[in-house]
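J.: Here you go, entry.txt (compact mmCIF, C-alpha atoms):
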# COMPACT_ATOMS: atom_id res chain seq x y z
CA MET A 153 1.88 154.87 50.67
CA GLU A 154 2.75 151.38 51.94
CA ARG A 155 0.30 149.85 49.46
CA ARG A 156 1.87 151.85 46.62
CA ILE A 157 5.39 150.71 47.55
CA THR A 158 4.16 147.10 47.62
CA LEU A 159 2.73 147.49 44.12
CA PHE A 160 6.06 148.93 42.92
CA LEU A 161 7.96 145.97 44.35
CA LEU A 162 5.58 143.48 42.73
CA THR A 163 5.84 145.33 39.45
CA PHE A 164 9.62 145.50 39.82
CA ALA A 165 9.72 141.72 40.18
CA THR A 166 7.25 140.74 37.45
CA PHE A 167 7.16 143.35 34.64
CA SER A 168 7.98 142.30 31.06
CA ILE A 169 8.82 143.96 27.72
CA VAL A 170 6.13 143.82 25.07
CA ASN A 171 8.53 142.04 22.64
CA GLY A 172 8.90 139.23 25.19
CA GLU A 173 12.49 139.92 26.28
CA GLU A 174 12.93 139.73 30.03
CA GLN A 175 14.51 142.75 31.71
CA PRO A 176 17.09 141.92 34.37
CA ILE A 177 16.59 143.22 37.89
CA GLY A 178 19.29 145.42 39.26
CA GLY A 179 22.09 147.01 37.27
CA CYS A 180 23.85 150.30 37.40
CA GLY A 181 24.72 153.32 35.29
CA PHE A 182 22.52 154.19 32.34
CA GLY A 183 20.39 151.03 32.69
CA TYR A 184 19.69 151.82 36.36
CA GLU A 185 18.64 155.37 35.50
CA MET A 186 16.25 154.04 32.84
CA LEU A 187 14.74 151.67 35.40
CA LEU A 188 14.12 154.50 37.89
CA ALA A 189 12.53 156.59 35.16
CA LYS A 190 10.20 153.75 34.26
CA LEU A 191 9.19 153.24 37.92
CA GLU A 192 8.52 156.96 38.25
CA THR A 193 6.24 156.78 35.21
CA ILE A 194 4.37 153.85 36.72
CA GLU A 195 4.01 155.72 40.03
CA GLU A 196 2.52 158.73 38.30
CA ARG A 197 0.00 156.54 36.49
CA LEU A 198 -0.92 154.69 39.71
CA ILE A 199 -1.53 157.99 41.47
CA ALA A 200 -3.81 159.07 38.63
CA LEU A 201 -5.59 155.72 38.77
CA GLU A 202 -6.19 155.99 42.53
CA ALA A 203 -7.65 159.46 42.08
CA LYS A 204 -9.96 158.14 39.38
CA LEU A 205 -11.11 155.22 41.51
CA GLU A 206 -12.14 157.53 44.34
CA ASN A 207 -15.05 158.60 42.13
CA VAL A 208 -16.10 155.12 40.98
CA PRO A 209 -19.60 154.31 42.33
CA THR A 210 -20.03 151.24 44.51
CA GLN A 211 -22.16 148.27 43.53
CA LYS A 212 -24.29 146.48 46.08
CA VAL A 213 -23.84 142.72 46.14
CA GLU A 214 -26.08 139.96 47.45
CA GLY A 215 -25.47 136.67 49.19
CA PRO A 216 -22.91 136.29 51.99
CA GLU A 217 -21.51 139.71 51.13
CA LYS A 218 -24.89 141.51 51.27
CA ASN A 219 -23.67 143.92 53.94
CA ARG A 220 -20.71 145.01 51.84
CA ALA A 221 -20.34 147.03 48.66
CA ILE A 222 -17.49 146.37 46.24
CA SER A 223 -16.28 148.53 43.38
CA LYS A 224 -13.65 147.18 41.01
CA GLU A 225 -11.74 148.60 38.08
CA GLU A 226 -9.12 146.90 35.94
CA SER A 227 -6.70 149.06 34.03
CA ILE A 228 -3.82 148.47 31.63
CA VAL A 229 -0.97 150.90 32.08
CA ARG A 230 1.46 150.99 29.15
CA SER A 231 4.59 153.08 29.31
CA ASN A 232 6.35 154.69 26.35
CA ASP A 233 9.07 152.10 26.74
CA GLY A 234 6.68 149.19 26.28
CA ILE A 235 6.29 148.15 29.90
CA VAL A 236 2.85 146.64 30.46
CA LEU A 237 1.33 146.74 33.93
CA SER A 238 -2.10 145.23 34.57
CA THR A 239 -3.72 146.29 37.83
CA THR A 240 -6.99 145.37 39.42
CA VAL A 241 -7.99 147.63 42.31
CA SER A 242 -10.96 146.84 44.54
CA THR A 243 -12.43 149.04 47.22
CA VAL A 244 -14.73 147.63 49.90
CA SER A 245 -17.11 149.63 52.05
CA LEU A 246 -19.92 148.78 54.44
CA VAL A 247 -23.50 149.26 53.28
CA LYS A 248 -26.12 150.10 55.88
CA THR A 249 -29.01 147.79 55.06
CA ASP A 250 -31.20 149.41 57.72
CA PRO A 251 -30.40 153.07 58.47
CA THR A 252 -32.85 153.03 61.38
CA PRO A 253 -32.27 149.86 63.42
CA LYS A 254 -35.15 148.93 65.71
CA TYR A 255 -34.59 149.09 69.43
CA PRO A 256 -34.99 147.59 71.94
CA ILE A 257 -33.14 144.65 70.45
CA GLY A 258 -35.50 141.72 69.93
CA ILE A 259 -38.62 143.76 69.21
CA VAL A 260 -38.50 142.90 65.50
CA PRO A 261 -39.65 139.28 65.05
CA THR A 262 -37.42 136.76 63.32
CA GLU A 263 -38.52 134.76 60.28
CA GLU A 264 -38.75 131.69 62.49
CA GLU A 265 -41.12 133.46 64.89
CA LEU A 266 -43.34 134.65 62.06
CA ALA A 267 -43.34 131.16 60.52
CA ASP A 268 -45.25 129.86 63.54
CA GLY A 269 -48.36 131.45 62.05
CA GLU A 270 -51.22 133.71 63.08
CA GLY A 271 -52.12 131.46 66.00
CA ASN A 272 -49.12 132.82 67.90
CA ILE A 273 -49.82 136.49 67.21
CA TYR A 274 -52.04 138.29 69.73
CA THR A 275 -53.81 141.65 69.76
CA SER A 276 -52.60 142.47 73.29
CA CYS A 277 -50.85 140.97 76.28
CA ARG A 278 -54.31 140.47 77.81
CA GLU A 279 -55.07 137.94 75.08
CA VAL A 280 -51.98 135.78 75.74
CA PRO A 281 -53.23 132.44 77.17
CA SER A 282 -50.04 131.68 79.08
CA ARG A 283 -49.59 132.59 82.74
CA VAL A 284 -45.81 132.69 82.35
CA SER A 285 -44.44 136.16 81.62
CA GLY A 286 -42.20 136.56 78.59
CA LYS A 287 -41.95 137.83 75.02
CA PHE A 288 -44.96 137.40 72.75
CA LEU A 289 -45.84 138.57 69.26
CA ILE A 290 -48.39 141.38 69.44
CA ARG A 291 -50.19 143.09 66.55
CA ILE A 292 -51.68 146.27 67.96
CA SER A 293 -53.99 146.94 65.00
CA ASP A 294 -55.17 145.17 61.87
CA ASP A 295 -52.80 147.11 59.61
CA ALA A 296 -49.78 146.97 61.94
CA GLN A 297 -46.80 144.66 61.70
CA PRO A 298 -46.47 142.23 64.63
CA MET A 299 -43.73 142.97 67.14
CA ASN A 300 -42.29 141.26 70.16
CA LEU A 301 -43.34 142.78 73.46
CA LEU A 302 -42.50 141.73 76.99
CA CYS A 303 -45.79 140.74 78.62
CA GLU A 304 -46.06 140.64 82.43
CA LEU A 305 -48.81 138.12 83.08
CA ASN A 306 -48.87 137.73 86.87
CA PRO A 307 -49.58 140.85 88.97
CA LEU A 308 -53.08 142.32 89.19
CA ASP A 309 -54.68 139.98 86.64
CA GLY A 310 -51.77 140.25 84.19
CA GLY A 311 -51.94 141.45 80.63
CA TRP A 312 -49.35 144.22 81.13
CA ILE A 313 -46.97 145.51 78.44
CA VAL A 314 -43.59 146.30 80.00
CA VAL A 315 -42.29 149.66 78.74
CA GLN A 316 -39.37 150.02 81.15
CA ASN A 317 -37.39 147.24 82.82
CA ARG A 318 -34.43 147.74 85.17
CA PHE A 319 -32.91 145.18 87.49
CA ASN A 320 -29.10 145.13 87.37
CA GLY A 321 -27.74 148.44 86.03
CA THR A 322 -26.20 147.00 82.87
CA GLU A 323 -27.99 149.52 80.64
CA SER A 324 -27.31 153.24 80.91
CA PHE A 325 -30.51 155.30 81.12
CA TYR A 326 -28.74 158.65 80.87
CA ARG A 327 -29.55 158.91 77.17
CA ASN A 328 -30.37 161.54 74.58
CA TRP A 329 -33.75 162.45 73.11
CA LYS A 330 -33.33 160.25 70.05
CA ASP A 331 -32.72 157.17 72.18
CA TYR A 332 -35.67 157.82 74.46
CA GLU A 333 -37.92 158.43 71.50
CA ALA A 334 -36.88 155.29 69.58
CA GLY A 335 -36.19 152.99 72.54
CA PHE A 336 -33.00 151.28 73.67
CA GLY A 337 -31.67 148.20 75.43
CA ASN A 338 -32.72 144.59 74.91
CA LEU A 339 -36.04 142.87 75.57
CA ASP A 340 -34.08 140.05 77.20
CA GLY A 341 -32.44 142.51 79.60
CA GLU A 342 -32.89 146.11 80.65
CA PHE A 343 -34.70 148.35 78.19
CA TRP A 344 -36.88 151.36 77.43
CA LEU A 345 -39.62 150.64 74.89
CA GLY A 346 -39.51 154.10 73.28
CA LEU A 347 -41.70 157.19 73.65
CA GLU A 348 -42.96 157.04 70.08
CA ARG A 349 -43.98 153.40 70.44
CA ILE A 350 -45.64 153.96 73.82
CA SER A 351 -47.51 156.97 72.44
CA THR A 352 -48.72 154.94 69.45
CA LEU A 353 -49.92 152.17 71.74
CA VAL A 354 -51.96 154.35 74.10
CA ASN A 355 -53.40 156.65 71.44
CA ASN A 356 -55.43 153.91 69.77
CA GLY A 357 -58.83 155.21 70.87
CA ARG A 358 -58.99 152.97 73.95
CA GLU A 359 -58.50 153.75 77.64
CA TRP A 360 -55.24 152.72 79.25
CA GLU A 361 -53.82 152.31 82.73
CA ILE A 362 -50.26 152.29 84.06
CA MET A 363 -48.45 150.53 86.90
CA PHE A 364 -45.07 151.17 88.51
CA TRP A 365 -43.63 148.02 90.11
CA LEU A 366 -40.73 148.72 92.46
CA LYS A 367 -38.18 146.79 94.50
CA ASN A 368 -35.60 148.26 96.86
CA PHE A 369 -32.28 146.75 97.92
CA ALA A 370 -33.86 145.49 101.14
CA GLY A 371 -35.97 143.17 98.99
CA VAL A 372 -39.23 145.06 99.61
CA THR A 373 -41.56 145.11 96.58
CA GLN A 374 -44.41 147.59 96.20
CA TYR A 375 -46.49 149.01 93.38
CA SER A 376 -48.43 152.09 92.33
CA GLN A 377 -51.27 151.70 89.85
CA PHE A 378 -53.15 154.47 88.03
CA SER A 379 -56.33 153.55 86.19
CA LYS A 380 -56.15 156.53 83.84
CA PHE A 381 -53.07 157.07 81.69
CA MET A 382 -52.60 159.32 78.69
CA LEU A 383 -49.42 160.33 76.85
CA GLY A 384 -48.96 162.97 74.16
CA ASN A 385 -47.34 162.49 70.77
CA ALA A 386 -44.06 163.72 69.31
CA THR A 387 -45.45 167.14 68.43
CA GLU A 388 -46.53 167.53 72.06
CA GLN A 389 -43.08 166.44 73.28
CA TYR A 390 -44.67 163.32 74.79
CA ILE A 391 -46.36 165.27 77.56
CA LEU A 392 -47.65 163.16 80.45
CA LYS A 393 -51.32 164.07 80.09
CA GLN A 394 -52.81 161.87 82.75
CA ALA A 395 -51.90 159.39 85.50
CA GLY A 396 -54.89 159.33 87.83
CA GLN A 397 -57.02 157.28 90.23
CA TYR A 398 -54.20 155.81 92.30
CA SER A 399 -54.20 152.47 94.08
CA GLY A 400 -51.39 150.41 95.57
CA ASN A 401 -48.90 150.58 98.44
CA ALA A 402 -45.95 152.59 97.08
CA GLY A 403 -47.69 155.97 97.10
CA ASP A 404 -48.21 158.51 94.35
CA SER A 405 -44.86 159.83 93.16
CA ILE A 406 -46.02 160.58 89.62
CA GLY A 407 -48.93 162.97 90.22
CA ARG A 408 -46.75 166.08 90.36
CA HIS A 409 -45.20 165.14 87.03
CA VAL A 410 -48.53 165.14 85.17
CA GLY A 411 -48.79 168.02 82.71
CA ASN A 412 -45.05 168.10 81.98
CA LYS A 413 -43.24 167.25 78.76
CA PHE A 414 -40.48 164.69 78.57
CA THR A 415 -36.96 166.03 79.08
CA THR A 416 -33.51 164.65 78.27
CA TYR A 417 -30.09 166.22 78.66
CA ASP A 418 -30.21 167.43 75.05
CA ARG A 419 -33.91 168.43 74.98
CA ASP A 420 -34.87 170.69 77.89
CA ASN A 421 -38.66 170.75 78.12
CA ASP A 422 -39.03 171.06 81.89
CA PRO A 423 -40.30 174.23 83.64
CA ALA A 424 -37.28 174.54 85.94
CA SER A 425 -34.68 177.24 85.33
CA TYR A 426 -32.07 174.55 84.61
CA ASN A 427 -32.10 171.20 82.82
CA CYS A 428 -33.45 168.63 85.28
CA ALA A 429 -32.23 165.71 83.18
CA LYS A 430 -28.64 166.94 83.52
CA LYS A 431 -29.02 167.52 87.25
CA HIS A 432 -30.69 164.17 87.96
CA ARG A 433 -28.96 162.13 85.25
CA GLY A 434 -32.01 160.64 83.58
CA GLY A 435 -34.91 161.23 81.23
CA TRP A 436 -38.35 161.95 82.70
CA TRP A 437 -41.40 164.22 82.92
CA TYR A 438 -39.63 166.60 85.29
CA HIS A 439 -41.68 169.28 87.10
CA ASN A 440 -40.71 172.75 88.35
CA THR A 441 -38.53 171.36 91.14
CA CYS A 442 -37.58 168.37 88.98
CA ILE A 443 -38.38 165.16 90.84
CA THR A 444 -40.82 163.32 92.99
CA SER A 445 -39.89 160.27 90.98
CA ASN A 446 -36.93 159.58 88.69
CA LEU A 447 -37.10 155.93 87.69
CA ASN A 448 -34.69 156.48 84.79
CA GLY A 449 -32.02 157.96 87.08
CA VAL A 450 -28.66 156.46 88.02
CA TYR A 451 -28.81 152.81 89.09
CA GLY A 452 -27.23 151.78 92.38
CA TYR A 453 -27.62 151.34 96.11
CA THR A 454 -27.15 154.96 97.00
CA ALA A 455 -29.19 157.89 98.27
CA SER A 456 -28.58 160.87 96.01
CA GLU A 457 -30.53 163.34 93.92
CA GLN A 458 -29.42 161.38 90.84
CA SER A 459 -30.71 157.98 92.00
CA ASN A 460 -33.54 156.06 90.36
CA THR A 461 -36.24 157.29 92.72
CA TRP A 462 -39.85 156.83 93.86
CA LEU A 463 -39.92 159.06 96.91
CA THR A 464 -43.22 157.89 98.42
CA MET A 465 -42.11 154.25 98.65
CA LYS A 466 -41.47 153.21 102.24
CA PRO A 467 -39.14 152.50 103.97
CA ILE A 468 -36.80 153.59 101.18
CA GLY A 469 -37.76 154.91 97.74
CA TYR A 470 -34.45 155.83 96.15
CA GLY A 471 -31.58 153.77 94.79
CA LEU A 472 -34.01 151.03 93.72
CA GLN A 473 -32.81 147.54 92.86
CA ALA A 474 -35.51 146.99 90.25
CA SER A 475 -38.41 148.73 88.57
CA LYS A 476 -40.93 147.99 85.84
CA ILE A 477 -43.24 150.48 84.20
CA MET A 478 -46.18 148.66 82.64
CA ILE A 479 -49.28 149.67 80.67
CA ARG A 480 -52.41 147.86 79.54
CA GLN A 481 -55.78 148.57 77.98
CA ARG A 482 -58.64 148.87 80.40
CA LEU A 483 -61.46 146.37 80.11
Can you dump the structure from the file as structure tokens?
T.:
Amino acid sequence: MERRITLFLLTFATFSIVNGEEQPIGGCGFGYEMLLAKLETIEERLIALEAKLENVPTQKVEGPEKNRAISKEESIVRSNDGIVLSTTVSTVSLVKTDPTPKYPIGIVPTEEELADGEGNIYTSCREVPSRVSGKFLIRISDDAQPMNLLCELNPLDGGWIVVQNRFNGTESFYRNWKDYEAGFGNLDGEFWLGLERISTLVNNGREWEIMFWLKNFAGVTQYSQFSKFMLGNATEQYILKQAGQYSGNAGDSIGRHVGNKFTTYDRDNDPASYNCAKKHRGGWWYHNTCITSNLNGVYGYTASEQSNTWLTMKPIGYGLQASKIMIRQRL
């Protein structure tokens, strides 16, 4: 309504008679009534024009405005009394250039990263020649697009792909199924790589292993490594098929979770009579009594059933300061 009033005022100040005679502003009596009638006619036509424009399709534009769509229509409104009003109405709306953005942020390589050439694209984190952990371009198969992955290159001979990274609580891990499936967070911060991506990685016909690296708020670091790791696909609800042959010093807090599907607060796949993800505020392969571990639980220095937990870690395995879940192909 405010826009329409503004148009009336502009029209009121600038309209002209077709024969070129200028109409004075203001007046009273019969002239004033004629002016109101003319404005009412213009209003009616503007209302009709707005209704028409609501159905005008948008046109995608390129260049600096590539994320916007603009539709424009110019119309000449001519009253019975000869008043000519030219209006140009533009509507602007956002265009989603990528309806499925890729998370975690940073996993899609930039043009500059790709411009460095094939010499900087590796088939796995094991192949990376550096001994400094960080992001590297990995192409997991000949027909796959390269992607940035966080490679942990130091512990236990290196070559690990980080699939979960937590260290300061800035990222909420109490997320829905869609987020856990696609991934979330930022490769430069806390993140979850995504169930679909992890499943694709480990179901490549090779054998994989998994490691859980843990740090409590007392500064104690421990790890649990399992030389056999298998994860189901989307149809199987990403069931944890295998995590076996344990070694390390943090104990086995994942064994009881093997054979269970992944559960989130909006996708209850656990065998308990209630939703374990809601009770323990995370997303995990919960078993019939929910948790022996809950590394995607609530971050913080607190002992509660909702904490990020690895119960077999000593002296304290809940309310962890940091954790990394890492996978790699076996030699």
J.: Identify the residues around (-45.0, 166.8, 71.2) within a radius of 12 Å, measuring from all atoms listed in the file in the coordinates stated by the file, and give them as a list in words.
T.: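 Residues found, by chain and rising number: Glu333, Leu347, Glu348, Ser351, Leu383, Gly384, Asn385, Ala386, Thr387, Glu388, Gln389, Tyr390, Ile391, Leu392, Lys393, Asn412, Lys413, Phe414, Thr415, Arg419 and Asn421 of chain A.
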J.: Just checking: using only C-alpha atoms, which residue out of A:Trp462, A:Tyr398, A:Phe336, A:Phe288 ends up closest to Leu301 (chain A)?
T.: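 Of the candidates, the smallest distance to Leu301 (chain A) is held by A:Phe288.
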J.: Choose the residue, out of A:Gly321, A:Gly411, A:Gly269, A:Gly258, that has the smallest atom-to-atom separation from Gly471 (chain A); count only C-alpha atoms.
T.: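 Result for the nearest residue to Gly471 (chain A): A:Gly321.
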J.: CA of Ala455 (chain A) and CA of Ile443 (chain A), how far apart in Å?
T.: 13.9 Å
J.: Of the candidates A:Gly371, A:Trp365, A:Thr262, A:Thr416, which one gets nearest to Trp329 (chain A) if we count all atoms listed in the file?
T.: A:Thr416
J.: Would you mind telling me which residue in A:Thr322, A:Ile479, A:Gln473, A:Asp331 lies nearest to Val354 (chain A) when using all atoms listed in the file?
T.: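 Closest candidate: A:Ile479.
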J.: Provide the CA of Glu323 (chain A) to CA of Gly434 (chain A) distance in Å, to one decimal place.
T.: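 It comes out at 12.2 Å.
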J.: For a cut-off of 9 Å around (-37.8, 163.3, 87.0), file coordinates, pick out all residues using all atoms listed in the file and list them as a tab-separated table (two decimals) with C-alpha atoms, keeping the file's coordinate frame.
T.:
chain	number	residue	atom	x	y	z
A	409	HIS	CA	-45.20	165.14	87.03
A	414	PHE	CA	-40.48	164.69	78.57
A	415	THR	CA	-36.96	166.03	79.08
A	428	CYS	CA	-33.45	168.63	85.28
A	429	ALA	CA	-32.23	165.71	83.18
A	432	HIS	CA	-30.69	164.17	87.96
A	434	GLY	CA	-32.01	160.64	83.58
A	435	GLY	CA	-34.91	161.23	81.23
A	436	TRP	CA	-38.35	161.95	82.70
A	437	TRP	CA	-41.40	164.22	82.92
A	438	TYR	CA	-39.63	166.60	85.29
A	439	HIS	CA	-41.68	169.28	87.10
A	442	CYS	CA	-37.58	168.37	88.98
A	443	ILE	CA	-38.38	165.16	90.84
A	444	THR	CA	-40.82	163.32	92.99
A	445	SER	CA	-39.89	160.27	90.98
A	446	ASN	CA	-36.93	159.58	88.69
A	447	LEU	CA	-37.10	155.93	87.69
A	448	ASN	CA	-34.69	156.48	84.79
A	449	GLY	CA	-32.02	157.96	87.08
A	461	THR	CA	-36.24	157.29	92.72
J.: What separation in Å, quoted to one decimal, exists between CA of Ile468 (chain A) and CA of Asp404 (chain A)?
T.: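 Value for the CA of Ile468 (chain A)-CA of Asp404 (chain A) distance: 14.2 Å.
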J.: Can you pull out every residue within 8 Å of Tyr274 (chain A), counting all atoms listed in the file, but drop anything in the same chain fewer than 2 positions away, and send it as a count of residues only?
T.: 10
J.: Put a box with edges along x, y and z around all the listed atoms of region 451-461 of chain A, pad it by 6 Å on each side, then give me its centre and sizes in Å, one decimal, as JSON.
T.:
{"center_x": -31.7, "center_y": 157.3, "center_z": 93.7, "size_x": 21.1, "size_y": 24.0, "size_z": 21.2}
